[in-house]
Amino acid sequence: MNARSDHLSKYRGVAALAVAGFSAFGLAACGSSSSTSSNIRVDGSSTVFPLAQSAAETFNQSKPDVKITVGQSGTGGGFQKFCAGEIDVADASRAIHPEEAAACKSKGITFQQIQVANDGIAVVANPALGVNCLTVAQLKQIWSKGSTVTSLSQVDPKLSSQKLSLFGPGSSHGTFEFFTEKINGTKKVSRTDYQPADDDNQLVTGVEGDKGGFGYFGYSFAAAAGSKLTIVGMNDGKGCIKPSVATVQDGSYTPLSRPLYMYVNEKSLGTNSSLSDFLTATVNDSISLATKTKLVPLTSTQLTGAQASLATAEKNATK
C-alpha cells in the first residue's frame with residue numbers, strides 16, 4: 001500500500017491546473033425529466049461511486065443547501081435511470097451502448113461523456129490458492145460460458161487443485177460487461193455458476209473468506225484489501241503485468257485497463273446552476289478525488305479533455 005501511495009502522490013500536484021471557461025447557463029425546462037431545483041441526482045457505477053460520493057461531500061462543505069443524492073445501481077442500471085430522465089448524472093465504468101444512447105434520444109435527453117478517473121479490473125485470488133499470474137487464454141478457460149473448470153490445476157497442472165469459489169459482478173455491472181468482452185470475447189457472455197454482487201465490497205469479502213476464492217472487480221477495491229487478497233498478474237503475450245497506477249495510466253496493463261466516466265444530462269445543466277457548479281468542482285478536483293478514493297487519477301492530458309467535455313456540455317445547454 002505504501003508503494004501505491006507513492007505512485008498516487010506524484011499526481012496530486014496536477015489537481016492545481018487552472019480551469020477557465022466554465023459557467024452555468026440558463027435554459028427553460030424541457031419536459032418533466034429535467035431538474036428544475038438545486039437538487040442533484042447521481043447514480044450508476046459502484047466503481048465510480050466512491051469518487052462521486054466524495055465529490056458530493058466536498059461540494060456540500062461550501063454549499064450545504066444543495067441536496068446531492070448518490071446511488072450505485074451499476075452502470076447499466078444507472079443508464080436506465082439516466083435515459084428515463086430520473087437522474088442528472090450517470091456514473092459509468094464503460095462507454096454508453098448504442099441501444100442506451102437510443103433510449104436517451106427517444107426521451108429527448110442529450111448528454112456529454114466526461115472522463116473523471118481511470119481504473120483497472122483486478123483479477124484476485126485468496127492467498128491460499130498461491131497463484132500470481134495467468135494468461136488471458138487461461139482466464140477465458142475459467143470464465144467462458146459453459147466452462148467446467150473447477151480448479152486452477154485444470155488450466156495449469158502446476159497450480160492448486162483446490163476447488164474454486166468464483167465471485168464477480170452482476171450482469172448489469174459495467175465491470176462485468178467490460179471483463180467479459182475483453183476476456184471472453186463477447187459482452188455479457190460468461191459462465192453463470194459464480195456468486196454475483198453489484199457491491200464490490202461484498203466480492204472482496206467473498207474472496208477473502210473462502211480459501212478457494214477467485215474473482216475479479218475494480219482495482220481500487222483489490223488494492224484497499226492489501227495482503228488479504230492476491231492480485232493476479234495478467235499476461236497477454238508481453239509478460240506478466242499487475243495493475244497499478246503506472247500500468248493503468250500508461251496502458252501496459254492490458255486488456256483490463258479502462259476509463260471511468262460521468263455522463264451529464266445537458267438539459268439539467270441548463271436548468272440547474274448547482275449542477276454546473278458541482279461538475280466544475282468535480283472535474284477541477286478529479287485528481288485529488290481519485291487519489292482519495294483509491295482510483296487511478298487522470299493524466300494532465302486527460303484532465304484537459306475532461307475540462308473541454310464539460311465546456312461543450314455547458315455550451316450545448318444554451319441551445
# chains A, B, ... in the order shown; residues from 1 in each chain; ligands from 1
call {"tool": "select_by_dssp", "arguments": {"residues": "region 154-266 of chain A", "states": "strand (DSSP E or B)", "output": "JSON, numbers by chain"}}
result
{"A": [165, 166, 167, 168, 195, 196, 213, 214, 215, 216, 217, 218, 230, 231, 232, 233, 234, 235, 240, 241, 257, 258, 259, 260, 261, 262, 263, 264, 265]}
call {"tool": "closest_residue", "arguments": {"among": "A:Gly237, A:Ile183, A:Glu86, A:Gly170", "to": "Gln141 (chain A)", "atoms": "only C-alpha atoms"}}
result
A:Ile183
call {"tool": "closest_residue", "arguments": {"among": "A:Gly146, A:Gly168, A:Pro98, A:Pro157", "to": "Val131 (chain A)", "atoms": "only C-alpha atoms"}}
result
A:Pro157
call {"tool": "atom_distance", "arguments": {"atom1": "CA of Ala95 (chain A)", "atom2": "CA of Gly71 (chain A)"}}
result
18.6 Å
call {"tool": "closest_residue", "arguments": {"among": "A:Asn132, A:Ser153, A:Thr304, A:Ser257", "to": "Gly233 (chain A)", "atoms": "only C-alpha atoms"}}
result
A:Asn132
call {"tool": "residues_around", "arguments": {"residues": "region 60-69 of chain A", "least_positions_apart": "4", "cutoff": "10 Å", "atoms": "only C-alpha atoms", "output": "ChimeraX atom specification"}}
result
/A:37-43,52-56,87,274-275,277-278
call {"tool": "residues_around", "arguments": {"residues": "region 244-250 of chain A", "least_positions_apart": "4", "cutoff": "9 Å", "atoms": "only C-alpha atoms", "output": "list of chain:residue names"}}
result
A:Arg4, A:His7, A:Leu8, A:Asn118, A:Asp119, A:Gly120, A:Tyr219, A:Ala223, A:Thr254, A:Leu256, A:Ser257, A:Arg258, A:Leu295, A:Val296, A:Pro297, A:Leu298, A:Thr299
call {"tool": "closest_residue", "arguments": {"among": "A:Ser93, A:Thr293, A:Ser171, A:Thr312", "to": "Thr110 (chain A)", "atoms": "only C-alpha atoms"}}
result
A:Thr312
call {"tool": "select_by_dssp", "arguments": {"residues": "region 218-287 of chain A", "states": "helix (DSSP H, G or I)", "output": "PyMOL selection string"}}
result
chain A and resi 219-228+245-249+266-271+273-284+286-287
call {"tool": "write_last_selection", "arguments": {"atoms": "C-alpha atoms", "output": "JSON list (two decimals), in the first residue's frame"}}
result
[["chain", "number", "residue", "atom", "x", "y", "z"],
["A", 219, "TYR", "CA", -8.57, -2.45, -8.83],
["A", 220, "SER", "CA", -9.23, 0.14, -6.14],
["A", 221, "PHE", "CA", -11.10, -2.40, -4.02],
["A", 222, "ALA", "CA", -8.38, -5.02, -4.50],
["A", 223, "ALA", "CA", -5.64, -2.56, -3.56],
["A", 224, "ALA", "CA", -7.55, -1.50, -0.45],
["A", 225, "ALA", "CA", -7.73, -5.13, 0.71],
["A", 226, "GLY", "CA", -3.94, -5.34, 0.89],
["A", 227, "SER", "CA", -2.46, -8.71, 1.85],
["A", 228, "LYS", "CA", -5.90, -10.24, 2.43],
["A", 245, "VAL", "CA", -1.35, 3.47, -11.11],
["A", 246, "ALA", "CA", 1.54, 3.45, -13.56],
["A", 247, "THR", "CA", 0.47, 0.41, -15.61],
["A", 248, "VAL", "CA", -3.15, 1.56, -15.86],
["A", 249, "GLN", "CA", -2.24, 5.10, -16.89],
["A", 266, "GLU", "CA", -27.24, 18.68, -20.83],
["A", 267, "LYS", "CA", -30.77, 19.93, -20.19],
["A", 268, "SER", "CA", -30.21, 19.52, -16.46],
["A", 269, "LEU", "CA", -27.17, 21.76, -16.79],
["A", 270, "GLY", "CA", -29.33, 24.45, -18.32],
["A", 271, "THR", "CA", -31.97, 24.37, -15.58],
["A", 273, "SER", "CA", -26.83, 26.06, -11.91],
["A", 274, "SER", "CA", -25.84, 23.97, -8.90],
["A", 275, "LEU", "CA", -25.22, 21.01, -11.21],
["A", 276, "SER", "CA", -22.84, 23.09, -13.30],
["A", 277, "ASP", "CA", -21.02, 24.21, -10.16],
["A", 278, "PHE", "CA", -20.84, 20.63, -8.86],
["A", 279, "LEU", "CA", -19.44, 19.19, -12.08],
["A", 280, "THR", "CA", -16.95, 22.02, -12.47],
["A", 281, "ALA", "CA", -15.70, 21.38, -8.95],
["A", 282, "THR", "CA", -15.59, 17.62, -9.55],
["A", 283, "VAL", "CA", -13.59, 17.93, -12.76],
["A", 284, "ASN", "CA", -11.23, 20.51, -11.26],
["A", 286, "SER", "CA", -10.81, 14.95, -10.02],
["A", 287, "ILE", "CA", -7.17, 14.04, -9.48]]
call {"tool": "closest_residue", "arguments": {"among": "A:Ser165, A:Gln138, A:Ser106, A:Thr75", "to": "Asp91 (chain A)", "atoms": "only C-alpha atoms"}}
result
A:Thr75
call {"tool": "closest_residue", "arguments": {"among": "A:Asn272, A:Ser144, A:Thr175, A:Gln202", "to": "Ala122 (chain A)", "atoms": "only C-alpha atoms"}}
result
A:Thr175
call {"tool": "residues_around", "arguments": {"residues": "Arg94 (chain A)", "least_positions_apart": "3", "cutoff": "10 Å", "atoms": "only C-alpha atoms", "output": "list in words"}}
result
Ser45, Thr75, Gly76, Asp91, His97, His173, Gly174, Thr175, Glu177, Phe178, Arg258, Pro259, Leu260, Tyr261 and Met262 of chain A
call {"tool": "write_last_selection", "arguments": {"atoms": "all heavy atoms", "output": "tab-separated table (two decimals), in the first residue's frame"}}
result
chain	number	residue	atom	x	y	z
A	45	SER	N	-22.43	3.42	-11.69
A	45	SER	CA	-21.31	2.51	-11.40
A	45	SER	C	-20.90	2.51	-9.93
A	45	SER	O	-20.67	3.56	-9.33
A	45	SER	CB	-20.11	2.91	-12.26
A	45	SER	OG	-18.94	2.27	-11.82
A	75	THR	N	-23.53	0.31	-13.64
A	75	THR	CA	-23.50	1.15	-14.84
A	75	THR	C	-24.76	0.99	-15.68
A	75	THR	O	-25.37	1.98	-16.10
A	75	THR	CB	-22.26	0.81	-15.69
A	75	THR	OG1	-21.08	1.13	-14.95
A	75	THR	CG2	-22.25	1.61	-16.98
A	76	GLY	N	-25.16	-0.25	-15.92
A	76	GLY	CA	-26.37	-0.48	-16.71
A	76	GLY	C	-27.61	0.10	-16.06
A	76	GLY	O	-28.45	0.73	-16.71
A	91	ASP	N	-22.98	7.73	-13.42
A	91	ASP	CA	-21.61	7.25	-13.26
A	91	ASP	C	-21.45	5.97	-14.09
A	91	ASP	O	-22.34	5.11	-14.09
A	91	ASP	CB	-21.31	6.92	-11.80
A	91	ASP	CG	-21.34	8.16	-10.91
A	91	ASP	OD1	-21.12	9.25	-11.42
A	91	ASP	OD2	-21.58	8.00	-9.69
A	97	HIS	N	-23.76	2.23	-24.36
A	97	HIS	CA	-24.02	1.38	-25.52
A	97	HIS	C	-24.95	2.10	-26.50
A	97	HIS	O	-25.74	2.97	-26.10
A	97	HIS	CB	-24.68	0.07	-25.09
A	97	HIS	CG	-23.79	-0.84	-24.32
A	97	HIS	ND1	-22.43	-0.92	-24.53
A	97	HIS	CD2	-24.07	-1.74	-23.32
A	97	HIS	CE1	-21.90	-1.82	-23.72
A	97	HIS	NE2	-22.87	-2.32	-22.96
A	173	HIS	N	-23.61	-4.85	-14.25
A	173	HIS	CA	-22.44	-4.10	-13.81
A	173	HIS	C	-21.52	-3.83	-15.00
A	173	HIS	O	-21.25	-4.71	-15.81
A	173	HIS	CB	-21.70	-4.91	-12.76
A	173	HIS	CG	-20.86	-4.11	-11.81
A	173	HIS	ND1	-19.78	-3.38	-12.22
A	173	HIS	CD2	-20.94	-3.93	-10.47
A	173	HIS	CE1	-19.22	-2.80	-11.17
A	173	HIS	NE2	-19.92	-3.12	-10.09
A	174	GLY	N	-21.02	-2.59	-15.12
A	174	GLY	CA	-20.11	-2.26	-16.21
A	174	GLY	C	-18.84	-3.07	-16.16
A	174	GLY	O	-18.25	-3.39	-17.21
A	175	THR	N	-18.39	-3.44	-14.96
A	175	THR	CA	-17.19	-4.26	-14.83
A	175	THR	C	-17.41	-5.63	-15.47
A	175	THR	O	-16.52	-6.17	-16.13
A	175	THR	CB	-16.83	-4.42	-13.34
A	175	THR	OG1	-16.59	-3.14	-12.78
A	175	THR	CG2	-15.59	-5.28	-13.17
A	177	GLU	N	-19.49	-6.37	-17.94
A	177	GLU	CA	-19.52	-6.24	-19.39
A	177	GLU	C	-18.13	-6.04	-19.97
A	177	GLU	O	-17.78	-6.64	-20.99
A	177	GLU	CB	-20.44	-5.08	-19.78
A	177	GLU	CG	-21.89	-5.30	-19.39
A	177	GLU	CD	-22.80	-4.23	-19.95
A	177	GLU	OE1	-22.39	-3.51	-20.88
A	177	GLU	OE2	-23.94	-4.13	-19.47
A	178	PHE	N	-17.35	-5.20	-19.31
A	178	PHE	CA	-16.00	-4.92	-19.81
A	178	PHE	C	-15.14	-6.18	-19.73
A	178	PHE	O	-14.43	-6.52	-20.69
A	178	PHE	CB	-15.38	-3.79	-18.99
A	178	PHE	CG	-14.06	-3.29	-19.54
A	178	PHE	CD1	-14.04	-2.34	-20.54
A	178	PHE	CD2	-12.86	-3.76	-19.05
A	178	PHE	CE1	-12.83	-1.88	-21.05
A	178	PHE	CE2	-11.65	-3.31	-19.54
A	178	PHE	CZ	-11.64	-2.36	-20.56
A	258	ARG	N	-9.21	0.65	-18.01
A	258	ARG	CA	-10.37	1.33	-18.56
A	258	ARG	C	-10.52	2.74	-18.01
A	258	ARG	O	-10.08	3.03	-16.90
A	258	ARG	CB	-11.64	0.54	-18.23
A	258	ARG	CG	-11.85	0.38	-16.73
A	258	ARG	CD	-13.09	-0.40	-16.40
A	258	ARG	NE	-13.22	-0.61	-14.96
A	258	ARG	CZ	-14.29	-1.10	-14.36
A	258	ARG	NH1	-15.34	-1.44	-15.09
A	258	ARG	NH2	-14.33	-1.26	-13.06
A	259	PRO	N	-11.20	3.61	-18.76
A	259	PRO	CA	-11.54	4.94	-18.26
A	259	PRO	C	-12.84	4.87	-17.45
A	259	PRO	O	-13.67	3.98	-17.67
A	259	PRO	CB	-11.73	5.76	-19.53
A	259	PRO	CG	-12.18	4.75	-20.55
A	259	PRO	CD	-11.50	3.46	-20.20
A	260	LEU	N	-13.02	5.81	-16.54
A	260	LEU	CA	-14.25	5.94	-15.76
A	260	LEU	C	-14.90	7.28	-16.08
A	260	LEU	O	-14.21	8.29	-16.22
A	260	LEU	CB	-13.96	5.84	-14.27
A	260	LEU	CG	-13.29	4.54	-13.80
A	260	LEU	CD1	-12.96	4.61	-12.31
A	260	LEU	CD2	-14.17	3.33	-14.11
A	261	TYR	N	-16.23	7.28	-16.17
A	261	TYR	CA	-16.93	8.45	-16.67
A	261	TYR	C	-18.04	8.94	-15.76
A	261	TYR	O	-18.58	8.18	-14.94
A	261	TYR	CB	-17.59	8.14	-18.03
A	261	TYR	CG	-16.68	7.63	-19.10
A	261	TYR	CD1	-16.74	6.30	-19.50
A	261	TYR	CD2	-15.78	8.47	-19.75
A	261	TYR	CE1	-15.92	5.82	-20.52
A	261	TYR	CE2	-14.97	8.00	-20.77
A	261	TYR	CZ	-15.04	6.66	-21.15
A	261	TYR	OH	-14.24	6.19	-22.15
A	262	MET	N	-18.41	10.21	-15.96
A	262	MET	CA	-19.69	10.74	-15.55
A	262	MET	C	-20.38	11.23	-16.82
A	262	MET	O	-19.75	11.94	-17.63
A	262	MET	CB	-19.53	11.90	-14.57
A	262	MET	CG	-19.17	11.48	-13.16
A	262	MET	SD	-19.12	12.92	-12.05
A	262	MET	CE	-18.96	12.08	-10.46
call {"tool": "atom_distance", "arguments": {"atom1": "CA of Gly251 (chain A)", "atom2": "CA of Gly215 (chain A)"}}
result
21.8 Å
call {"tool": "residues_around", "arguments": {"residues": "Val123 (chain A)", "least_positions_apart": "2", "cutoff": "8 Å", "atoms": "only C-alpha atoms", "output": "ChimeraX atom specification"}}
result
/A:121,125,214-217,231-233
